[in-house]
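A.B. asks: Have a peek at my_file.cif (mmCIF, C-alpha atoms).
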```cif
data_coords
#
loop_
_atom_site.label_atom_id
_atom_site.label_comp_id
_atom_site.auth_asym_id
_atom_site.auth_seq_id
_atom_site.Cartn_x
_atom_site.Cartn_y
_atom_site.Cartn_z
CA MET A 1 93.69 1.47 -67.36
CA ASN A 2 90.52 3.41 -68.07
CA PRO A 3 88.78 4.18 -64.73
CA TRP A 4 85.39 2.99 -66.05
CA LEU A 5 86.86 -0.31 -67.24
CA ARG A 6 88.50 -0.74 -63.83
CA TYR A 7 85.17 -0.02 -62.10
CA TRP A 8 83.42 -2.54 -64.37
CA LYS A 9 86.04 -5.18 -63.51
CA PHE A 10 85.69 -4.32 -59.83
CA ASN A 11 81.94 -4.89 -60.03
CA LEU A 12 82.35 -8.14 -61.95
CA VAL A 13 84.73 -9.46 -59.30
CA GLY A 14 82.35 -8.12 -56.66
CA ALA A 15 79.43 -10.01 -58.20
CA MET A 16 81.43 -13.24 -58.08
CA GLY A 17 82.44 -12.45 -54.50
CA MET A 18 78.83 -11.75 -53.63
CA ALA A 19 77.91 -15.24 -54.87
CA VAL A 20 80.73 -16.71 -52.75
CA GLN A 21 79.60 -14.74 -49.69
CA LEU A 22 75.90 -15.56 -50.06
CA ALA A 23 76.59 -19.26 -50.70
CA ALA A 24 78.94 -19.45 -47.71
CA LEU A 25 76.43 -17.64 -45.51
CA ALA A 26 73.63 -19.99 -46.56
CA LEU A 27 75.80 -23.04 -45.86
CA LEU A 28 77.13 -21.75 -42.55
CA ASN A 29 73.64 -20.74 -41.43
CA ARG A 30 72.42 -24.25 -42.24
CA VAL A 31 75.29 -25.82 -40.26
CA ALA A 32 74.99 -23.45 -37.28
CA PRO A 33 71.53 -21.87 -37.36
CA GLY A 34 70.92 -18.90 -35.10
CA HIS A 35 74.49 -17.62 -35.29
CA TYR A 36 74.02 -15.40 -38.31
CA LEU A 37 76.56 -12.74 -37.28
CA TYR A 38 79.36 -15.31 -36.88
CA ALA A 39 78.32 -16.92 -40.15
CA THR A 40 78.30 -13.50 -41.81
CA ALA A 41 81.84 -12.72 -40.56
CA ALA A 42 83.17 -16.05 -41.86
CA ALA A 43 81.40 -15.59 -45.21
CA ILE A 44 82.86 -12.08 -45.52
CA GLU A 45 86.38 -13.43 -44.97
CA LEU A 46 85.93 -16.05 -47.68
CA ALA A 47 84.64 -13.41 -50.08
CA LEU A 48 87.50 -11.04 -49.20
CA LEU A 49 90.13 -13.66 -49.99
CA HIS A 50 88.33 -14.58 -53.21
CA ASN A 51 88.02 -10.94 -54.27
CA PHE A 52 91.61 -10.09 -53.41
CA VAL A 53 92.98 -12.79 -55.72
CA TRP A 54 90.72 -11.69 -58.57
CA HIS A 55 91.41 -7.98 -58.03
CA LEU A 56 95.15 -8.64 -57.93
CA HIS A 57 95.04 -10.46 -61.28
CA THR A 58 92.32 -8.48 -63.11
CA THR A 59 91.02 -5.22 -61.65
CA TRP A 60 94.36 -3.82 -60.56
CA ARG A 61 96.79 -6.12 -62.41
CA ASP A 62 98.67 -3.06 -63.65
CA ARG A 63 99.33 -1.98 -60.05
CA ARG A 64 101.23 -4.90 -58.58
CA GLU A 65 103.68 -2.81 -56.59
CA GLY A 66 105.32 -4.42 -53.59
CA SER A 67 104.55 -7.83 -52.22
CA ALA A 68 101.19 -9.56 -52.52
CA PRO A 69 101.14 -10.27 -48.74
CA MET A 70 101.50 -6.53 -48.04
CA GLN A 71 98.73 -5.74 -50.53
CA LEU A 72 96.57 -8.41 -48.86
CA LEU A 73 97.20 -6.81 -45.47
CA ARG A 74 96.24 -3.36 -46.78
CA PHE A 75 93.20 -4.87 -48.54
CA HIS A 76 92.05 -6.39 -45.25
CA MET A 77 92.69 -3.17 -43.34
CA SER A 78 90.61 -1.15 -45.81
CA ASN A 79 88.06 -3.20 -47.75
CA GLY A 80 87.97 -5.89 -45.09
CA LEU A 81 87.25 -3.43 -42.31
CA VAL A 82 84.52 -1.67 -44.29
CA SER A 83 82.97 -5.00 -45.30
CA LEU A 84 83.13 -6.50 -41.84
CA VAL A 85 81.89 -3.50 -39.85
CA GLY A 86 79.36 -2.41 -42.48
CA ASN A 87 77.94 -5.88 -43.09
CA LEU A 88 77.72 -6.83 -39.43
CA ALA A 89 76.08 -3.54 -38.45
CA LEU A 90 73.59 -3.70 -41.31
CA MET A 91 72.89 -7.38 -40.73
CA ARG A 92 72.09 -6.68 -37.09
CA ILE A 93 69.73 -3.88 -38.09
CA LEU A 94 68.11 -5.65 -41.04
CA VAL A 95 67.83 -9.20 -39.65
CA HIS A 96 67.32 -8.57 -35.95
CA GLY A 97 65.60 -5.19 -36.11
CA ALA A 98 63.68 -5.22 -39.40
CA HIS A 99 63.20 -9.03 -39.53
CA MET A 100 64.44 -9.16 -43.09
CA PRO A 101 65.35 -12.58 -44.53
CA LEU A 102 69.03 -13.43 -43.97
CA LEU A 103 70.27 -13.58 -47.56
CA ALA A 104 68.26 -10.55 -48.68
CA ALA A 105 69.70 -8.54 -45.78
CA ASN A 106 73.21 -9.65 -46.68
CA LEU A 107 72.69 -8.65 -50.30
CA VAL A 108 71.65 -5.15 -49.19
CA ALA A 109 74.69 -4.92 -46.88
CA ILE A 110 77.09 -5.98 -49.65
CA VAL A 111 75.74 -3.40 -52.09
CA CYS A 112 75.89 -0.65 -49.47
CA CYS A 113 79.59 -1.30 -48.82
CA SER A 114 80.69 -1.71 -52.45
CA VAL A 115 81.18 1.94 -53.44
CA ALA A 116 83.36 2.67 -50.42
CA ASN A 117 85.34 -0.50 -51.11
CA PHE A 118 86.15 0.53 -54.70
CA GLY A 119 87.39 3.94 -53.57
CA LEU A 120 89.50 2.46 -50.80
CA GLY A 121 90.91 -0.32 -52.98
CA ASN A 122 91.84 2.13 -55.70
CA ARG A 123 93.60 4.48 -53.26
CA TRP A 124 95.50 2.20 -50.89
CA PRO A 125 95.99 -1.55 -51.43
CA PHE A 126 96.19 -1.07 -55.20
CA ALA A 127 97.22 2.59 -55.37
CA ALA A 128 98.83 3.94 -58.54
CA LYS A 129 102.53 4.53 -58.21
CA ALA A 130 103.12 8.21 -57.49
#
```
Translate this structure into structure tokens?
C.D. replies:
Amino acid sequence: MNPWLRYWKFNLVGAMGMAVQLAALALLNRVAPGHYLYATAAAIELALLHNFVWHLHTTWRDRREGSAPMQLLRFHMSNGLVSLVGNLALMRILVHGAHMPLLAANLVAIVCCSVANFGLGNRWPFAAKA
């Protein structure tokens, strides 16, 4: 698949995942206000699972080598780790330190992690067969 088409698909899936993450964060923050870092972690996990399914069937559908559970594990160990650590660190800085609104801060954190996540996803969980 053309690398630019793959990147476009990655960003389309990412935009849908961003909507999932922001909606989940808003809901979780309403249910348990004041616990924005826990809510962020839970929202990230929902978005990761959502994105994995879409990436498996669209972005990297031509690279379905091995088992889906193993790809999911690698996806969590790469994209999940970047998303979790990056989002939580940036959320702490932006919400607690800079007093930025919760959803705006999360949007910034998501965008900051996206480029690294494409590179990691393309090279490990969904790597081209050598």
A.B. asks: Return as a tab-separated table the residues of range 12-62 of chain A lying at most 12 Å from range 80-97 of chain A, together with the closest atom-to-atom pair for each and the distance in Å to one decimal, counting only C-alpha atoms, with rows in chain order and ascending residue number.
C.D. replies:
```
residue	atom	partner	partner_atom	distance
A:Gly14	CA	A:Ser83	CA	11.8
A:Gly17	CA	A:Ser83	CA	11.9
A:Met18	CA	A:Ser83	CA	11.5
A:Gln21	CA	A:Asn87	CA	11.2
A:Leu25	CA	A:Met91	CA	11.9
A:Gly34	CA	A:His96	CA	11.0
A:His35	CA	A:Arg92	CA	11.3
A:Tyr36	CA	A:Met91	CA	8.5
A:Leu37	CA	A:Leu88	CA	6.4
A:Tyr38	CA	A:Leu88	CA	9.0
A:Ala39	CA	A:Leu88	CA	10.1
A:Thr40	CA	A:Leu88	CA	7.1
A:Ala41	CA	A:Leu84	CA	6.5
A:Ala42	CA	A:Leu84	CA	9.6
A:Ala43	CA	A:Leu84	CA	9.8
A:Ile44	CA	A:Leu84	CA	6.7
A:Glu45	CA	A:Gly80	CA	7.7
A:Leu46	CA	A:Gly80	CA	10.7
A:Ala47	CA	A:Gly80	CA	9.6
A:Leu48	CA	A:Gly80	CA	6.6
A:Leu49	CA	A:Gly80	CA	9.4
A:His50	CA	A:Gly80	CA	11.9
A:Asn51	CA	A:Gly80	CA	10.5
A:Phe52	CA	A:Gly80	CA	10.0
```
A.B. asks: Identify which of the residues A:Asp62, A:Phe75, A:Leu102, A:Ala15 lies closest to Ala128 in chain A, counting only C-alpha atoms when measuring atom-to-atom distances.
C.D. replies: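 Nearest candidate to Ala128 in chain A out of A:Asp62, A:Phe75, A:Leu102, A:Ala15: A:Asp62.
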A.B. asks: Tell me which protein, DNA and RNA residues are within 10 Å of Arg74 in chain A, counting only C-alpha atoms, leaving out same-chain ones fewer than 6 positions away, and put them as a ChimeraX atom specification.
C.D. replies: /A:68,80,120-121,124-126
A.B. asks: Identify all residues satisfying the PyMOL selection byres ((chain A and resi 115) around 12) in the given file; provide them as a PyMOL selection string.
C.D. replies: chain A and resi 7+10-11+14+79+82-83+86+109-114+116-122
A.B. asks: Pick out the residues sitting within 8 Å of Arg6 in chain A, and hand them over as an mmCIF file with C-alpha atoms, in the coordinates of the input; count all atoms listed in the file, and ignore anything fewer than 5 positions along from it in its own chain.
C.D. replies:
```
data_model
loop_
_atom_site.group_PDB
_atom_site.id
_atom_site.type_symbol
_atom_site.label_atom_id
_atom_site.label_comp_id
_atom_site.auth_asym_id
_atom_site.auth_seq_id
_atom_site.Cartn_x
_atom_site.Cartn_y
_atom_site.Cartn_z
ATOM 1 C CA MET A 1 93.690 1.470 -67.360
ATOM 2 C CA THR A 59 91.020 -5.220 -61.650
ATOM 3 C CA TRP A 60 94.360 -3.820 -60.560
#
```
A.B. asks: Would you list the contacts of Leu22 in chain A as an MDAnalysis selection string, taking every protein, DNA or RNA residue within 8 Å and counting all atoms listed in the file, but skipping same-chain residues closer than 6 positions in sequence?
C.D. replies: chainID A and resid 43 103 106:107
A.B. asks: Quick one, how far is CA of Ala32 in chain A from CA of Met77 in chain A?
C.D. replies: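 For CA of Ala32 in chain A relative to CA of Met77 in chain A, the distance reads 27.6 Å.
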A.B. asks: Please measure the separation of CA of Thr58 in chain A and CA of Ala105 in chain A, giving the value in Å to one decimal.
C.D. replies: 28.5 Å
A.B. asks: Quick one: pull the distance between CA of Leu73 in chain A and CA of Lys129 in chain A, Å, one decimal.
C.D. replies: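 Calculated distance between CA of Leu73 in chain A and CA of Lys129 in chain A is 17.9 Å.
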A.B. asks: With distances taken over all atoms listed in the file, which residue among A:Pro3, A:Val53, A:Asn29, A:Met70 lies nearest Met16 in chain A?
C.D. replies: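 With all atoms listed in the file as the atom set, the closest residue is A:Val53.
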